[in-house]
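Undergrad: So that we are looking at the same thing, I have put the structure below in structure tokens.
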Amino acid sequence: MTLRKNLNLTLKIWRQKNRKVKGKFEIYKVSDISTDSSFLEMLDILNEKLISENKEPVAFDHDCREGICGMCSLYINGRAHGPDTGITTCQLHMRMFKDGETIVIEPWRSIAFPVIKDLITDRSAFDRIMAAGGFISVNTSGNTLDANAVVIPKEDADKAMDAASCISCGACVACCPNGAAILFVGAKVSHFALLPQGRTEAKRRVLNMVKAMDEEGFGNCSVIGACEVECPKNISLDNIARMNREYMSAWLDKK
């Protein structure tokens, strides 16, 4: 039976009052952190310590703590969501770190994701991109069909559901040297482009979402591939290629 280990750690955390104030790293010490603890639980322990010392706790985002909502977006030791792969920050456990290690914790680094406070960034740019076309507006009220009545190849359905697994966390943007959001947009476009329900508005959707992405200040894709590597839901670069094909087709049709 493996004995549970406790860690003593040094945390180098980005602190910033708001987007208008210059931020800086501050150093904190935490001790007796169980390797069974999640990364967010470790931050909770730090904040309890700071509150007991009448100091301001570190602001960080979280919600479901089940790897579904994408809120817990942190840059940890130079990697989006930390050193593990295929997980979000809330699914990261302290057993991935060593006793005595220094852990650098930052918010997402992107012009399009301005800092709200400390480790919390404003990712409403994603919401505006979704509002530009990430939906189906066809009125199906009273005209709904049984799901089995619409024949969809299993391969297409699987690809659509893989794209739909994107949780909009922003890791793709944070790890991209160009700050590109194309993997996110590609996933949202692919989700509908692969299904017959989404074809009615396909051309308008991709044109509007790409336009909104550019207006938000995201960078351009240079196919480095870091986004696919760091994505907690393993969204494939194939979705970028599909979005580019959809966009070119819509752009030529518009011309």
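Identifiers for the structure tokens are assigned positionally: chains receive A, B, ... in sequence, residues are indexed from 1 per chain, and ligands are indexed from 1 in the order shown.
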With only C-alpha atoms as the counted atoms, please give the residues lying no more than 6 Å from stretch 234-250 of chain A, apart from itself and same-chain residues fewer than 6 positions off, as a list of chain:residue names.
TA: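 The residues satisfying every condition are A:Leu183, A:Gly186, A:Ala187, A:Lys203, A:Val206, A:Glu228.
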Undergrad: So that I can check the surroundings of A:Ile33, please list as a list in words every protein, DNA and RNA residue that reaches within 8 Å of it, counting only C-alpha atoms and ignoring chain neighbours fewer than 3 positions away.
TA: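 Contacts, in chain order: Asn6, Leu7, Asn8, Val30, Ser37, Met42 and Met94 of chain A.
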Undergrad: Point out the residue among A:Asn178, A:Asn208, A:Asn77, A:Ser168 with the least atom-to-atom distance to A:Gly225, counting only C-alpha atoms.
TA: A:Asn178
Undergrad: Please give the complete set of residues from stretch 25-221 of chain A that DSSP, run on the backbone, assigns to strand (DSSP E or B), formatted as a list in words.
TA: Phe25, Glu26, Ile27, Tyr28, Lys29, Val30, Ser31, Asp32, Ile33, Ser34, Ser38, Tyr75, Ile76, Arg79, Ala80, His93, Thr102, Ile103, Val104, Ile105, Glu106, Val115, Ile116, Lys117, Ile120, Thr121, Ala180 and Gly219 of chain A
Undergrad: Hey, can you spit out that residue selection with N, CA and C atoms as a PDB file, in the first residue's frame?
TA:
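Below is the file that was written, again29.pdb:
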ATOM      1  N   PHE A  25       4.416  39.145 -10.170  1.00  0.00           N
ATOM      2  CA  PHE A  25       4.420  37.859  -9.486  1.00  0.00           C
ATOM      3  C   PHE A  25       4.672  38.066  -7.998  1.00  0.00           C
ATOM      4  N   GLU A  26       3.972  37.274  -7.193  1.00  0.00           N
ATOM      5  CA  GLU A  26       4.222  37.267  -5.757  1.00  0.00           C
ATOM      6  C   GLU A  26       4.490  35.832  -5.318  1.00  0.00           C
ATOM      7  N   ILE A  27       5.326  35.675  -4.315  1.00  0.00           N
ATOM      8  CA  ILE A  27       5.768  34.361  -3.857  1.00  0.00           C
ATOM      9  C   ILE A  27       5.016  33.949  -2.590  1.00  0.00           C
ATOM     10  N   TYR A  28       4.542  32.719  -2.570  1.00  0.00           N
ATOM     11  CA  TYR A  28       3.844  32.177  -1.407  1.00  0.00           C
ATOM     12  C   TYR A  28       4.396  30.783  -1.108  1.00  0.00           C
ATOM     13  N   LYS A  29       4.349  30.411   0.157  1.00  0.00           N
ATOM     14  CA  LYS A  29       4.768  29.085   0.587  1.00  0.00           C
ATOM     15  C   LYS A  29       3.545  28.320   1.096  1.00  0.00           C
ATOM     16  N   VAL A  30       3.419  27.075   0.680  1.00  0.00           N
ATOM     17  CA  VAL A  30       2.384  26.207   1.226  1.00  0.00           C
ATOM     18  C   VAL A  30       3.058  24.910   1.668  1.00  0.00           C
ATOM     19  N   SER A  31       2.540  24.333   2.734  1.00  0.00           N
ATOM     20  CA  SER A  31       3.160  23.121   3.280  1.00  0.00           C
ATOM     21  C   SER A  31       2.112  22.055   3.554  1.00  0.00           C
ATOM     22  N   ASP A  32       2.580  20.823   3.648  1.00  0.00           N
ATOM     23  CA  ASP A  32       1.726  19.668   3.943  1.00  0.00           C
ATOM     24  C   ASP A  32       0.563  19.534   2.964  1.00  0.00           C
ATOM     25  N   ILE A  33       0.841  19.747   1.678  1.00  0.00           N
ATOM     26  CA  ILE A  33      -0.179  19.585   0.650  1.00  0.00           C
ATOM     27  C   ILE A  33      -0.231  18.122   0.222  1.00  0.00           C
ATOM     28  N   SER A  34      -1.363  17.514   0.381  1.00  0.00           N
ATOM     29  CA  SER A  34      -1.506  16.106   0.026  1.00  0.00           C
ATOM     30  C   SER A  34      -1.386  15.915  -1.477  1.00  0.00           C
ATOM     31  N   SER A  38      -6.443  18.101  -5.421  1.00  0.00           N
ATOM     32  CA  SER A  38      -6.443  18.675  -6.756  1.00  0.00           C
ATOM     33  C   SER A  38      -5.714  20.013  -6.711  1.00  0.00           C
ATOM     34  N   TYR A  75      -2.494  28.938 -16.461  1.00  0.00           N
ATOM     35  CA  TYR A  75      -1.231  28.609 -17.126  1.00  0.00           C
ATOM     36  C   TYR A  75      -0.253  28.209 -16.031  1.00  0.00           C
ATOM     37  N   ILE A  76       0.130  26.941 -16.020  1.00  0.00           N
ATOM     38  CA  ILE A  76       0.902  26.380 -14.910  1.00  0.00           C
ATOM     39  C   ILE A  76       2.246  25.862 -15.411  1.00  0.00           C
ATOM     40  N   ARG A  79       2.520  25.749 -19.177  1.00  0.00           N
ATOM     41  CA  ARG A  79       1.594  24.948 -19.961  1.00  0.00           C
ATOM     42  C   ARG A  79       0.149  25.252 -19.573  1.00  0.00           C
ATOM     43  N   ALA A  80      -0.712  25.296 -20.575  1.00  0.00           N
ATOM     44  CA  ALA A  80      -2.136  25.494 -20.312  1.00  0.00           C
ATOM     45  C   ALA A  80      -2.689  24.303 -19.544  1.00  0.00           C
ATOM     46  N   HIS A  93      -3.911  16.900 -10.398  1.00  0.00           N
ATOM     47  CA  HIS A  93      -3.655  16.553  -9.003  1.00  0.00           C
ATOM     48  C   HIS A  93      -2.209  16.857  -8.621  1.00  0.00           C
ATOM     49  N   THR A 102       8.974  24.709  -7.245  1.00  0.00           N
ATOM     50  CA  THR A 102       8.381  26.031  -7.434  1.00  0.00           C
ATOM     51  C   THR A 102       7.402  25.949  -8.591  1.00  0.00           C
ATOM     52  N   ILE A 103       6.156  26.356  -8.353  1.00  0.00           N
ATOM     53  CA  ILE A 103       5.115  26.286  -9.375  1.00  0.00           C
ATOM     54  C   ILE A 103       4.738  27.713  -9.788  1.00  0.00           C
ATOM     55  N   VAL A 104       4.868  27.992 -11.069  1.00  0.00           N
ATOM     56  CA  VAL A 104       4.526  29.307 -11.609  1.00  0.00           C
ATOM     57  C   VAL A 104       3.094  29.260 -12.131  1.00  0.00           C
ATOM     58  N   ILE A 105       2.254  30.144 -11.630  1.00  0.00           N
ATOM     59  CA  ILE A 105       0.832  30.137 -11.978  1.00  0.00           C
ATOM     60  C   ILE A 105       0.451  31.494 -12.571  1.00  0.00           C
ATOM     61  N   GLU A 106      -0.062  31.466 -13.806  1.00  0.00           N
ATOM     62  CA  GLU A 106      -0.417  32.696 -14.516  1.00  0.00           C
ATOM     63  C   GLU A 106      -1.831  32.586 -15.085  1.00  0.00           C
ATOM     64  N   VAL A 115      -7.140  40.603 -18.315  1.00  0.00           N
ATOM     65  CA  VAL A 115      -7.227  40.174 -16.917  1.00  0.00           C
ATOM     66  C   VAL A 115      -8.331  40.951 -16.193  1.00  0.00           C
ATOM     67  N   ILE A 116      -9.184  40.232 -15.489  1.00  0.00           N
ATOM     68  CA  ILE A 116     -10.188  40.856 -14.623  1.00  0.00           C
ATOM     69  C   ILE A 116      -9.571  41.107 -13.251  1.00  0.00           C
ATOM     70  N   LYS A 117      -8.981  40.055 -12.700  1.00  0.00           N
ATOM     71  CA  LYS A 117      -8.261  40.167 -11.437  1.00  0.00           C
ATOM     72  C   LYS A 117      -7.423  38.908 -11.229  1.00  0.00           C
ATOM     73  N   ILE A 120      -7.974  35.519 -13.058  1.00  0.00           N
ATOM     74  CA  ILE A 120      -9.247  35.488 -13.785  1.00  0.00           C
ATOM     75  C   ILE A 120      -9.163  36.388 -15.006  1.00  0.00           C
ATOM     76  N   THR A 121      -9.499  35.838 -16.165  1.00  0.00           N
ATOM     77  CA  THR A 121      -9.508  36.631 -17.390  1.00  0.00           C
ATOM     78  C   THR A 121     -10.920  36.724 -17.962  1.00  0.00           C
ATOM     79  N   ALA A 180      -4.095  32.640 -31.420  1.00  0.00           N
ATOM     80  CA  ALA A 180      -5.178  32.329 -32.351  1.00  0.00           C
ATOM     81  C   ALA A 180      -6.294  31.550 -31.671  1.00  0.00           C
ATOM     82  N   GLY A 219      -5.123  36.256 -32.965  1.00  0.00           N
ATOM     83  CA  GLY A 219      -4.117  36.162 -34.009  1.00  0.00           C
ATOM     84  C   GLY A 219      -4.474  35.147 -35.078  1.00  0.00           C
TER      85      GLY A 219
END
Undergrad: Please, which residues in stretch 119-189 of chain A fall within 12 Å of stretch 65-68 of chain A when counting only C-alpha atoms, and what is the closest atom pair and distance in Å to one decimal for each, ordered by chain then residue number, as a tab-separated table?
TA:
residue	atom	partner	partner_atom	distance
A:Ala164	CA	A:Ile68	CA	11.9
A:Ser165	CA	A:Ile68	CA	8.9
A:Cys166	CA	A:Ile68	CA	9.1
A:Ile167	CA	A:Ile68	CA	6.5
A:Ser168	CA	A:Ile68	CA	9.7
A:Cys169	CA	A:Ile68	CA	9.4
Undergrad: Using only C-alpha atoms, which protein or nucleic acid residues come within 8 Å of stretch 171-174 of chain A? Drop anything in the same chain fewer than 5 positions from it, and give the result as a ChimeraX atom specification.
TA: /A:73,75,80-81,108-110,179-181,183-184,226-228,230-232
Undergrad: I need the residue nearest A:Arg15 from this list: A:Asp61, A:Asp118, A:Glu215, A:Asp99. Use only C-alpha atoms for the distance.
TA: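 Between A:Asp61, A:Asp118, A:Glu215, A:Asp99, the residue approaching A:Arg15 most closely is A:Asp118.
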Undergrad: Quick check for you: according to DSSP on this backbone, which residues of stretch 20-253 of chain A are classed as alpha helix (DSSP H)? Reply as JSON, numbers by chain.
TA: {"A": [39, 40, 41, 42, 43, 44, 45, 46, 47, 48, 49, 50, 51, 52, 124, 125, 126, 127, 128, 129, 130, 131, 132, 133, 154, 155, 156, 157, 158, 159, 160, 161, 162, 163, 164, 171, 172, 173, 174, 175, 182, 183, 184, 185, 186, 187, 188, 189, 190, 191, 192, 193, 196, 197, 198, 199, 202, 203, 204, 205, 206, 207, 208, 209, 210, 211, 212, 213, 214, 215, 226, 227, 228, 229, 230, 238, 239, 240, 241, 242, 243, 244, 245, 246, 247, 248, 249, 250, 251, 252, 253]}
Undergrad: Rounded to one decimal in Å, what is the spacing between atom CA of A:Met71 and atom CA of A:Gly100?
TA: 28.0 Å
Undergrad: Neighbours of stretch 146-158 of chain A within 8 Å (only C-alpha atoms; same-chain residues fewer than 4 positions away dropped), as a PyMOL selection string?
TA: chain A and resi 162+194-196
Undergrad: Considering only C-alpha atoms, can you say which of A:Cys69, A:Phe97, A:Trp251, A:Asp36 comes closest to A:Gly82?
TA: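 Ranked by minimum distance to A:Gly82, first place goes to A:Phe97.
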Undergrad: What's the 10 Å shell around A:Leu40, counting only C-alpha atoms, without same-chain residues fewer than 4 positions away, as a PyMOL selection string?
TA: chain A and resi 44-46+60-62+65+72+89-94
Undergrad: Could you save those same residues with N, CA and C atoms as a short mmCIF file (atom, residue, chain, number, x, y, z; two decimals), in the first residue's frame?
TA:
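Contents of result19.cif, as written:
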data_model
loop_
_atom_site.label_atom_id
_atom_site.label_comp_id
_atom_site.auth_asym_id
_atom_site.auth_seq_id
_atom_site.Cartn_x
_atom_site.Cartn_y
_atom_site.Cartn_z
N ASP A 44 -7.20 26.59 -2.75
CA ASP A 44 -8.13 26.86 -1.65
C ASP A 44 -7.38 26.89 -0.31
N ILE A 45 -6.46 25.96 -0.12
CA ILE A 45 -5.67 25.91 1.11
C ILE A 45 -4.83 27.17 1.25
N LEU A 46 -4.23 27.60 0.14
CA LEU A 46 -3.45 28.84 0.16
C LEU A 46 -4.33 30.01 0.56
N PHE A 60 -9.24 33.30 -8.45
CA PHE A 60 -9.15 32.37 -9.58
C PHE A 60 -10.54 31.87 -9.91
N ASP A 61 -10.72 31.44 -11.15
CA ASP A 61 -12.04 31.05 -11.65
C ASP A 61 -12.25 29.55 -11.49
N HIS A 62 -13.46 29.15 -11.14
CA HIS A 62 -13.80 27.73 -11.06
C HIS A 62 -15.31 27.60 -10.97
N ARG A 65 -15.70 21.91 -11.35
CA ARG A 65 -14.59 21.10 -10.85
C ARG A 65 -14.70 19.65 -11.31
N CYS A 72 -11.84 26.83 -15.03
CA CYS A 72 -10.61 26.78 -14.23
C CYS A 72 -9.35 26.91 -15.07
N THR A 89 -7.56 22.18 -15.43
CA THR A 89 -6.84 22.47 -14.19
C THR A 89 -7.49 21.81 -12.99
N CYS A 90 -8.83 21.77 -12.95
CA CYS A 90 -9.51 21.17 -11.80
C CYS A 90 -9.29 19.67 -11.71
N GLN A 91 -8.88 19.06 -12.82
CA GLN A 91 -8.61 17.62 -12.83
C GLN A 91 -7.14 17.31 -12.57
N LEU A 92 -6.33 18.36 -12.46
CA LEU A 92 -4.90 18.19 -12.20
C LEU A 92 -4.69 17.93 -10.71
N HIS A 93 -3.91 16.90 -10.40
CA HIS A 93 -3.65 16.55 -9.00
C HIS A 93 -2.21 16.86 -8.62
N MET A 94 -2.01 17.07 -7.35
CA MET A 94 -0.70 17.50 -6.86
C MET A 94 0.36 16.41 -6.94
#
Undergrad: Record the distance separating atom CA of A:Glu201 and atom CA of A:Phe126, expressed in Å with one decimal.
TA: 19.6 Å
Undergrad: From the set A:Gly198, A:Leu50, A:Thr85, A:Ala212, which residue has the shortest atom-to-atom contact distance to A:Val229, counting only C-alpha atoms?
TA: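 Looking at the shortest contact to A:Val229, the residue is A:Thr85.
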Undergrad: For a test of reading the model, state the distance in Å between atom CA of A:Lys55 and atom CA of A:Thr10, rounded to one decimal.
TA: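 One can read the atom CA of A:Lys55 to atom CA of A:Thr10 distance as 17.5 Å.
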